[in-house]
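Quick notes on the structure that follows.
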Amino acid sequence: MPAFARTTLRLLGLLRPYRRRVLGAYLAMSASTALGLAVPAILGRAIDWALGGGSAAGAGQSPGWFGFAGLAEALRSAAGPGGPTPAGVLAAAAFLLVVIALLRSLCSLAEMYLGAWLSQRVAFDLRNAFFGHLQRLSFGFHDRAQSGDLMSRAIGDISKVQTFLGEGLLEAVNLPLLFGAVVGILFWQAPALAPVALAPLLLLILITLRFGQVIEPRFRAVQDQEGVISTRAQENFTGMRVVKAFAREPWEIARYAQENAVFLQRRIRAIHAFADFFPAMNAVVVLALGLTLWVGGQQVLAGSLSVGGLASIAFWITQLGPPTQNLGFLVNRVSEAVAAGDRLYEILDTPPEVADQAGAVALPPLAGRVDFVDVSFAYGRQPVLQGISFRAEPNQVVALFGPTGSGKSSVVNLIPRFYDVTGGAVEVDGHDVRSVTLESLRSQIAMVLQDSFLFSATIRDNIAYGRLDADDAAVVAAAKAARAHDFILRLPEGYDTIIGERGVTLSGGQRQRLAIARALVMQPRILILDEATSAVDTETEAQIREALAALMRGRTTFVIAQRLLTLKQADLILVLEGGRIVERGNHAELLAAGGLYARIYELQLRDQEHLASRVLAEGGA
């Protein structure tokens, strides 16, 4: 099945839960279309009666149908031997047209309401499905994805699908219904004239099909570029402080303008398609009407067709005009929706790289033992860890030390199973982390990352984020332990203060302490601190370390840090280089070994002594 048809069917499947409302919308639309088709018949019949002076217009009269002949016959009987007058016939026609207009209004109202309801409901379902799937996708996906592009898909692409599945889909069904009805009517009313009137419409179908082939890839290119400029804008807004700090505003403006120019060019290419095809579509309808009047006029003169019959046929052809003009917009909507659907399903069809395996069990409360058994790990094809083996016992503090890129963060990311190992196994209390459910594993692990991300919410909500049932006492206790309580009380609304996006209204040290409090309120069995004190000054770091020393008891704690004071307190230090453990032991043992750890320690100690001597010298001066 072609990709276009496959995506279209998948989009239509979104309406399956709402079959009854879809049926109601189509019934209302069909009734409105049928009533609209009755109007030319009534007008043509009225013309014939009026021109005939209240009697049939002779051999060329248009057949009486849609109930008008019966109404006319009733008027004839009520008027007596003389029959109804032309004025009476026209009055009856006018009355019937008013009734039809009122009924069409009611049908149109029902059609519009149901169409709008369906489009909104499908968009609601699709947004939930898309957002939910993004939450389930693994770290590996989000490492590669661009948040601006995801936002473009979540908002712009879903909006295009919503438009198509509402009014666009109703119009897509109404057009062939209307065309089919007009074809049937014309062959019934005027078999000799129908082929002449309808022949140009075959050309219209070919033009429309070609237009769809041209416009769909162009709209896909437009929407892809829309994702690119959304990413540019999102990155710029997030990194505005960096932009201004380096005075890079002109460069950012030029970079955005360049991508925006590409977006404009792709939009113009799509507009060119409309400019090429729309005049041809309109010309086909005008051609059909012209041929109808020319050939039909000769039939009227020959007496084989009445004036009212020709007028009715002309009115039916004219009724195809507005839908034909909308045909291009309909193809536009379908093409946009299919291109948007492709982009949405590209994400929705992406399976999580890390998910609960079949038969995964809930992890019981942990004691906190962690074993790495000959672990290897790679990001894609790039190896990161090789042959990592160690055991961390409950109550131990394990420090990971090594140069940038040595694999420290990768080690701790494997414990909560943010990624899966490519070889070996990671075990907690003897359970392979792949054999237990992610929720039961991660609920017993708390992390404080180097990037202390905070949400646009209250201080209280940010601290309780990992444990929504935490009461005020637990929140305050965690804040005190993280040495955040005092500065929180100095804020305008205390714990009810709403902090800005990503916590930009707070200092780096304040954000880091709130992130630590967020981890502590969970009372985890395993605690992971990834450069958790990197954003605080020495005095604040000392306060936090003092609080953490008590809170680490009874927990397995993994610490990634470069400051020697933190490493000295660890029960086990693992020194990594090139993705391998090259040394292990406590601080004293590693110093005595004289390896990489000792060399880096001496360099840092020498730098600290040099800095201290400079401060003393400058103070004396």
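Every chain in the structure tokens has a letter given in the order shown (A, B, ...), and although residue numbers restart at 1 in each chain, ligands are simply numbered from 1 in the order shown.
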
Practice item. Tell me which protein, DNA and RNA residues are within 10 Å of stretch 396-409 of chain A, counting only C-alpha atoms, leaving out same-chain ones fewer than 3 positions away, and put them as number ranges by chain. Key: A: 368-369, 377, 383-386, 391-393, 412-414, 449-450, 527-531, 549, 552-564, 566-586, 596-597, 600

Check your understanding: What is the atom CA of A:Ser410-atom CA of A:Ala446 distance in Å, reported with one decimal?
Key ->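 Atom CA of A:Ala446 lies at a distance of 15.9 Å from atom CA of A:Ser410.
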
Exercise for review: Choose the residue, out of A:Ala221, A:Ile498, A:Leu43, A:Val448, that has the smallest atom-to-atom separation from A:Ser312; count only C-alpha atoms.
Suggested key: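 Of A:Ala221, A:Ile498, A:Leu43, A:Val448, the one nearest A:Ser312, counting only C-alpha atoms, is A:Leu43.
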
**Study point:** Among the residues A:Ala477, A:Val373, A:Val300, A:Ala515, the one that comes closest to A:Glu427 [using only C-alpha atoms]
**Key:**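 Smallest distance to A:Glu427 is found for A:Val373.
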
Review point. What is the distance between atom CA of A:Ala172 and atom CA of A:Gln189, in Å to one decimal?
Key: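 Spanning atom CA of A:Ala172 to atom CA of A:Gln189 is a straight-line distance of 26.2 Å.
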
Review point. Leaving out stretch 332-339 of chain A and any residue of its chain fewer than 5 positions from it, which residues lie within 7 Å of it when counting only C-alpha atoms, given as a PyMOL selection string?
Key: chain A and resi 4+7-8+160-161+164+168+212+215-216+219-220

Keeping only N, CA, C and O atoms, write the selected residues as a CSV table (one decimal), in the first residue's frame.
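And here is the file that came out, selection36.csv:
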```csv
chain,number,residue,atom,x,y,z
A,4,PHE,N,1.2,7.2,1.2
A,4,PHE,CA,0.1,8.3,1.4
A,4,PHE,C,-1.2,7.6,1.8
A,4,PHE,O,-1.8,8.1,2.8
A,7,THR,N,-0.9,6.2,5.5
A,7,THR,CA,-1.1,7.3,6.6
A,7,THR,C,-2.5,7.8,6.6
A,7,THR,O,-3.0,8.1,7.7
A,8,THR,N,-3.1,8.0,5.5
A,8,THR,CA,-4.5,8.5,5.5
A,8,THR,C,-5.4,7.5,6.2
A,8,THR,O,-6.3,8.0,7.0
A,160,LYS,N,-2.9,20.5,12.1
A,160,LYS,CA,-3.2,20.2,10.7
A,160,LYS,C,-4.1,18.9,10.6
A,160,LYS,O,-5.0,18.8,9.8
A,161,VAL,N,-3.7,17.9,11.4
A,161,VAL,CA,-4.5,16.7,11.4
A,161,VAL,C,-5.9,17.0,11.9
A,161,VAL,O,-6.9,16.5,11.4
A,164,PHE,N,-8.1,18.6,9.2
A,164,PHE,CA,-8.5,17.6,8.1
A,164,PHE,C,-9.6,16.7,8.7
A,164,PHE,O,-10.6,16.4,8.0
A,168,GLY,N,-12.4,19.2,7.0
A,168,GLY,CA,-11.8,18.7,5.8
A,168,GLY,C,-12.3,17.4,5.4
A,168,GLY,O,-12.6,17.1,4.2
A,212,GLY,N,-2.5,16.9,-6.2
A,212,GLY,CA,-2.1,16.2,-5.0
A,212,GLY,C,-0.7,15.6,-5.0
A,212,GLY,O,0.0,15.6,-4.0
A,215,ILE,N,1.7,18.7,-4.5
A,215,ILE,CA,1.7,19.5,-3.3
A,215,ILE,C,2.1,18.7,-2.1
A,215,ILE,O,2.7,19.3,-1.2
A,216,GLU,N,1.9,17.4,-2.0
A,216,GLU,CA,2.2,16.7,-0.8
A,216,GLU,C,3.6,16.7,-0.4
A,216,GLU,O,4.0,17.1,0.8
A,219,PHE,N,4.5,20.2,0.9
A,219,PHE,CA,4.1,20.5,2.3
A,219,PHE,C,4.9,19.8,3.3
A,219,PHE,O,5.1,20.3,4.4
A,220,ARG,N,5.3,18.6,3.0
A,220,ARG,CA,6.2,17.9,3.9
A,220,ARG,C,7.5,18.7,4.1
A,220,ARG,O,8.0,18.8,5.2
```

Review point. Which polymer residues have any atom within 12 Å of an atom of A:Pro200, counting only C-alpha atoms, with same-chain residues fewer than 4 positions away left out, as a PyMOL selection string?
Key: chain A and resi 194-196+204-207+280-292+317

So which residues of stretch 216-459 of chain A fall under helix (DSSP H, G or I) by DSSP, listed as a PDB file with C-alpha atoms, in the first residue's frame?
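Listing of part17.pdb after writing:
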```
ATOM      1  CA  GLU A 216       2.175  16.664  -0.792  1.00  0.00           C
ATOM      2  CA  PRO A 217       6.016  16.543  -0.859  1.00  0.00           C
ATOM      3  CA  ARG A 218       6.150  20.335  -0.884  1.00  0.00           C
ATOM      4  CA  PHE A 219       4.054  20.504   2.259  1.00  0.00           C
ATOM      5  CA  ARG A 220       6.227  17.866   3.904  1.00  0.00           C
ATOM      6  CA  ALA A 221       9.261  20.047   3.167  1.00  0.00           C
ATOM      7  CA  VAL A 222       7.441  23.079   4.631  1.00  0.00           C
ATOM      8  CA  GLN A 223       6.601  21.243   7.839  1.00  0.00           C
ATOM      9  CA  ASP A 224      10.109  19.834   8.226  1.00  0.00           C
ATOM     10  CA  GLN A 225      11.546  23.334   7.921  1.00  0.00           C
ATOM     11  CA  GLU A 226       8.955  24.608  10.386  1.00  0.00           C
ATOM     12  CA  GLY A 227      10.450  22.149  12.873  1.00  0.00           C
ATOM     13  CA  VAL A 228      13.928  23.526  12.151  1.00  0.00           C
ATOM     14  CA  ILE A 229      13.003  27.158  12.830  1.00  0.00           C
ATOM     15  CA  SER A 230      11.066  26.101  15.946  1.00  0.00           C
ATOM     16  CA  THR A 231      14.225  24.415  17.205  1.00  0.00           C
ATOM     17  CA  ARG A 232      16.281  27.526  16.447  1.00  0.00           C
ATOM     18  CA  ALA A 233      13.834  29.724  18.360  1.00  0.00           C
ATOM     19  CA  GLN A 234      13.553  27.322  21.312  1.00  0.00           C
ATOM     20  CA  GLU A 235      17.328  27.009  21.681  1.00  0.00           C
ATOM     21  CA  ASN A 236      17.733  30.767  21.497  1.00  0.00           C
ATOM     22  CA  PHE A 237      15.040  31.493  24.077  1.00  0.00           C
ATOM     23  CA  THR A 238      16.483  28.900  26.459  1.00  0.00           C
ATOM     24  CA  MET A 240      19.254  33.865  25.970  1.00  0.00           C
ATOM     25  CA  ARG A 241      21.646  34.607  28.841  1.00  0.00           C
ATOM     26  CA  VAL A 242      24.521  32.991  26.953  1.00  0.00           C
ATOM     27  CA  VAL A 243      23.597  34.861  23.771  1.00  0.00           C
ATOM     28  CA  LYS A 244      23.660  38.194  25.540  1.00  0.00           C
ATOM     29  CA  ALA A 245      26.743  37.368  27.592  1.00  0.00           C
ATOM     30  CA  GLU A 249      22.530  38.733  19.041  1.00  0.00           C
ATOM     31  CA  PRO A 250      23.430  39.751  15.452  1.00  0.00           C
ATOM     32  CA  TRP A 251      24.740  36.266  14.679  1.00  0.00           C
ATOM     33  CA  GLU A 252      21.626  34.603  16.140  1.00  0.00           C
ATOM     34  CA  ILE A 253      19.381  36.968  14.175  1.00  0.00           C
ATOM     35  CA  ALA A 254      21.248  36.160  10.959  1.00  0.00           C
ATOM     36  CA  ARG A 255      21.139  32.413  11.628  1.00  0.00           C
ATOM     37  CA  TYR A 256      17.396  32.485  12.312  1.00  0.00           C
ATOM     38  CA  ALA A 257      16.786  34.691   9.271  1.00  0.00           C
ATOM     39  CA  GLN A 258      18.664  32.199   7.089  1.00  0.00           C
ATOM     40  CA  GLU A 259      16.466  29.282   8.209  1.00  0.00           C
ATOM     41  CA  ASN A 260      13.375  31.469   7.966  1.00  0.00           C
ATOM     42  CA  ALA A 261      14.316  32.297   4.365  1.00  0.00           C
ATOM     43  CA  VAL A 262      14.425  28.584   3.568  1.00  0.00           C
ATOM     44  CA  PHE A 263      10.990  28.236   5.170  1.00  0.00           C
ATOM     45  CA  LEU A 264       9.698  31.134   3.038  1.00  0.00           C
ATOM     46  CA  GLN A 265      11.111  29.595  -0.154  1.00  0.00           C
ATOM     47  CA  ARG A 266       9.406  26.272   0.581  1.00  0.00           C
ATOM     48  CA  ARG A 267       6.150  28.052   1.319  1.00  0.00           C
ATOM     49  CA  ILE A 268       6.388  29.955  -1.969  1.00  0.00           C
ATOM     50  CA  ARG A 269       6.966  26.684  -3.848  1.00  0.00           C
ATOM     51  CA  ALA A 270       3.721  25.388  -2.339  1.00  0.00           C
ATOM     52  CA  ILE A 271       1.943  28.630  -3.315  1.00  0.00           C
ATOM     53  CA  HIS A 272       3.243  28.244  -6.867  1.00  0.00           C
ATOM     54  CA  ALA A 273       1.446  24.915  -7.074  1.00  0.00           C
ATOM     55  CA  PHE A 274      -1.832  26.636  -6.185  1.00  0.00           C
ATOM     56  CA  ALA A 275      -1.159  29.373  -8.750  1.00  0.00           C
ATOM     57  CA  ASP A 276      -0.537  26.726 -11.413  1.00  0.00           C
ATOM     58  CA  PHE A 277      -3.535  24.504 -10.701  1.00  0.00           C
ATOM     59  CA  PHE A 278      -6.346  26.708  -9.341  1.00  0.00           C
ATOM     60  CA  PRO A 279      -7.005  28.692 -12.561  1.00  0.00           C
ATOM     61  CA  ALA A 280      -7.231  25.416 -14.478  1.00  0.00           C
ATOM     62  CA  MET A 281      -9.764  24.040 -11.968  1.00  0.00           C
ATOM     63  CA  ASN A 282     -11.971  27.113 -12.260  1.00  0.00           C
ATOM     64  CA  ALA A 283     -11.668  27.114 -16.059  1.00  0.00           C
ATOM     65  CA  VAL A 284     -12.954  23.541 -16.205  1.00  0.00           C
ATOM     66  CA  VAL A 285     -16.164  24.494 -14.377  1.00  0.00           C
ATOM     67  CA  VAL A 286     -16.686  27.530 -16.623  1.00  0.00           C
ATOM     68  CA  LEU A 287     -16.082  25.315 -19.669  1.00  0.00           C
ATOM     69  CA  ALA A 288     -18.677  22.815 -18.449  1.00  0.00           C
ATOM     70  CA  LEU A 289     -21.230  25.609 -17.920  1.00  0.00           C
ATOM     71  CA  GLY A 290     -20.509  27.148 -21.331  1.00  0.00           C
ATOM     72  CA  LEU A 291     -20.922  23.838 -23.139  1.00  0.00           C
ATOM     73  CA  THR A 292     -24.147  23.187 -21.225  1.00  0.00           C
ATOM     74  CA  LEU A 293     -25.686  26.523 -22.256  1.00  0.00           C
ATOM     75  CA  TRP A 294     -24.528  26.184 -25.876  1.00  0.00           C
ATOM     76  CA  VAL A 295     -25.729  22.627 -26.485  1.00  0.00           C
ATOM     77  CA  GLY A 296     -28.699  22.918 -24.128  1.00  0.00           C
ATOM     78  CA  GLY A 297     -29.826  26.155 -25.777  1.00  0.00           C
ATOM     79  CA  GLN A 298     -30.011  24.396 -29.129  1.00  0.00           C
ATOM     80  CA  GLN A 299     -32.126  21.667 -27.545  1.00  0.00           C
ATOM     81  CA  VAL A 300     -34.474  24.316 -26.116  1.00  0.00           C
ATOM     82  CA  LEU A 301     -34.847  25.861 -29.556  1.00  0.00           C
ATOM     83  CA  ALA A 302     -35.539  22.422 -30.986  1.00  0.00           C
ATOM     84  CA  VAL A 307     -36.315  26.524 -20.536  1.00  0.00           C
ATOM     85  CA  GLY A 308     -36.823  25.459 -16.920  1.00  0.00           C
ATOM     86  CA  GLY A 309     -35.032  22.179 -17.578  1.00  0.00           C
ATOM     87  CA  LEU A 310     -32.011  24.006 -19.011  1.00  0.00           C
ATOM     88  CA  ALA A 311     -32.063  26.442 -16.105  1.00  0.00           C
ATOM     89  CA  SER A 312     -32.117  23.542 -13.615  1.00  0.00           C
ATOM     90  CA  ILE A 313     -29.161  21.859 -15.347  1.00  0.00           C
ATOM     91  CA  ALA A 314     -27.235  25.146 -15.413  1.00  0.00           C
ATOM     92  CA  PHE A 315     -27.948  25.634 -11.695  1.00  0.00           C
ATOM     93  CA  TRP A 316     -26.682  22.116 -10.916  1.00  0.00           C
ATOM     94  CA  ILE A 317     -23.499  22.723 -12.884  1.00  0.00           C
ATOM     95  CA  THR A 318     -23.088  26.042 -11.057  1.00  0.00           C
ATOM     96  CA  GLN A 319     -23.477  24.243  -7.729  1.00  0.00           C
ATOM     97  CA  GLY A 321     -18.394  25.737  -8.779  1.00  0.00           C
ATOM     98  CA  PRO A 322     -17.707  26.528  -5.088  1.00  0.00           C
ATOM     99  CA  PRO A 323     -16.857  22.897  -4.209  1.00  0.00           C
ATOM    100  CA  THR A 324     -14.534  22.798  -7.192  1.00  0.00           C
ATOM    101  CA  GLN A 325     -12.818  25.959  -6.011  1.00  0.00           C
ATOM    102  CA  ASN A 326     -12.528  24.310  -2.582  1.00  0.00           C
ATOM    103  CA  LEU A 327     -11.109  21.202  -4.180  1.00  0.00           C
ATOM    104  CA  GLY A 328      -7.641  22.698  -4.232  1.00  0.00           C
ATOM    105  CA  PHE A 329      -7.922  23.715  -0.589  1.00  0.00           C
ATOM    106  CA  LEU A 330      -9.198  20.225   0.216  1.00  0.00           C
ATOM    107  CA  VAL A 331      -6.211  18.613  -1.476  1.00  0.00           C
ATOM    108  CA  ASN A 332      -4.106  21.129   0.427  1.00  0.00           C
ATOM    109  CA  ARG A 333      -5.632  20.046   3.752  1.00  0.00           C
ATOM    110  CA  VAL A 334      -5.299  16.365   2.941  1.00  0.00           C
ATOM    111  CA  SER A 335      -1.678  16.809   1.854  1.00  0.00           C
ATOM    112  CA  GLU A 336      -0.835  18.853   4.929  1.00  0.00           C
ATOM    113  CA  ALA A 337      -2.568  16.349   7.185  1.00  0.00           C
ATOM    114  CA  VAL A 338      -0.824  13.356   5.619  1.00  0.00           C
ATOM    115  CA  ALA A 339       2.560  15.080   5.808  1.00  0.00           C
ATOM    116  CA  ALA A 340       1.810  15.991   9.436  1.00  0.00           C
ATOM    117  CA  GLY A 341       0.623  12.442  10.109  1.00  0.00           C
ATOM    118  CA  ASP A 342       3.881  11.054   8.704  1.00  0.00           C
ATOM    119  CA  ARG A 343       5.845  13.254  11.092  1.00  0.00           C
ATOM    120  CA  LEU A 344       3.649  12.302  14.059  1.00  0.00           C
ATOM    121  CA  TYR A 345       3.746   8.578  13.338  1.00  0.00           C
ATOM    122  CA  GLU A 346       7.495   8.816  12.864  1.00  0.00           C
ATOM    123  CA  ILE A 347       7.592   9.508  16.604  1.00  0.00           C
ATOM    124  CA  LEU A 348       4.622   7.351  17.647  1.00  0.00           C
ATOM    125  CA  LYS A 408      31.547   8.348  35.062  1.00  0.00           C
ATOM    126  CA  SER A 409      28.048   9.586  34.218  1.00  0.00           C
ATOM    127  CA  SER A 410      27.435   6.561  32.035  1.00  0.00           C
ATOM    128  CA  VAL A 411      28.057   4.275  35.008  1.00  0.00           C
ATOM    129  CA  VAL A 412      25.460   5.955  37.226  1.00  0.00           C
ATOM    130  CA  ASN A 413      22.964   6.248  34.342  1.00  0.00           C
ATOM    131  CA  LEU A 414      22.929   2.472  34.031  1.00  0.00           C
ATOM    132  CA  VAL A 433      17.648  -4.230  36.552  1.00  0.00           C
ATOM    133  CA  ARG A 434      16.231  -5.489  33.218  1.00  0.00           C
ATOM    134  CA  SER A 435      14.079  -8.060  35.015  1.00  0.00           C
ATOM    135  CA  LEU A 438      11.102   0.590  35.701  1.00  0.00           C
ATOM    136  CA  GLU A 439       8.663   2.274  38.107  1.00  0.00           C
ATOM    137  CA  SER A 440       9.606   0.020  41.040  1.00  0.00           C
ATOM    138  CA  LEU A 441      13.312   0.490  40.298  1.00  0.00           C
ATOM    139  CA  ARG A 442      13.384   4.249  39.794  1.00  0.00           C
ATOM    140  CA  ILE A 459       9.067  25.828  45.661  1.00  0.00           C
TER     141      ILE A 459
END
```

**Study point:** Top pick for closest residue to A:Gln357, considering A:Ser376, A:Leu165, A:Asp432, A:Val122 and counting only C-alpha atoms
**Key:**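 With only C-alpha atoms as the atom set, the closest residue is A:Asp432.
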
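In this comparison, which uses only C-alpha atoms, the residue of A:Val428, A:Leu520, A:Ala38, A:Leu170 approaching A:Ile463 most closely is A:Leu520.
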
Practice item. Using backbone DSSP assignments, extract all strand (DSSP E) residues from stretch 258-475 of chain A; output them as an MDAnalysis selection string. Key: chainID A and resid 370:379 382:392 397:401 423:428 431:432 445:448

Study note, to complete from the structure: Students should find that atom CA of A:Ala362 and atom CA of A:His431 are spaced 10.5 Å

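If you measure from each of A:Leu134, A:Leu209, A:Ile155, A:Leu506 to A:Ser456 using only C-alpha atoms, the closest one turns out to be A:Leu506.
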
Review point. Any idea what's packed within 7 Å of A:Phe372, counting only C-alpha atoms, ignoring anything in its chain fewer than 2 positions away? Could you give it as a PyMOL selection string?
Key: chain A and resi 370+374-375+388-391+425-427

Point to revise | Shell of 12 Å around A:Val98, only C-alpha atoms, local chain residues under 4 positions omitted, as an MDAnalysis selection string | key: chainID A and resid 35:36 39 42 91:94 102:105

Exercise for review: Identify, on the basis of only C-alpha atoms, every residue whose closest approach to A:Ser119 does not exceed 12 Å; exclude the query and any residue fewer than 5 positions from it along the same chain; express the result as a list in words.
Suggested key: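 Listing them by chain and then by number gives Leu11, Leu12, Leu14, Leu15, Tyr18, Arg21, Val22, Ala25, Met112, Tyr113, Leu114, Phe124, Asp125, Leu126, Ile158, Ser159, Lys160, Val161, Gln162, Thr163, Phe164, Leu165, Gly166, Glu167, Gly168, Leu169 and Leu170 of chain A.
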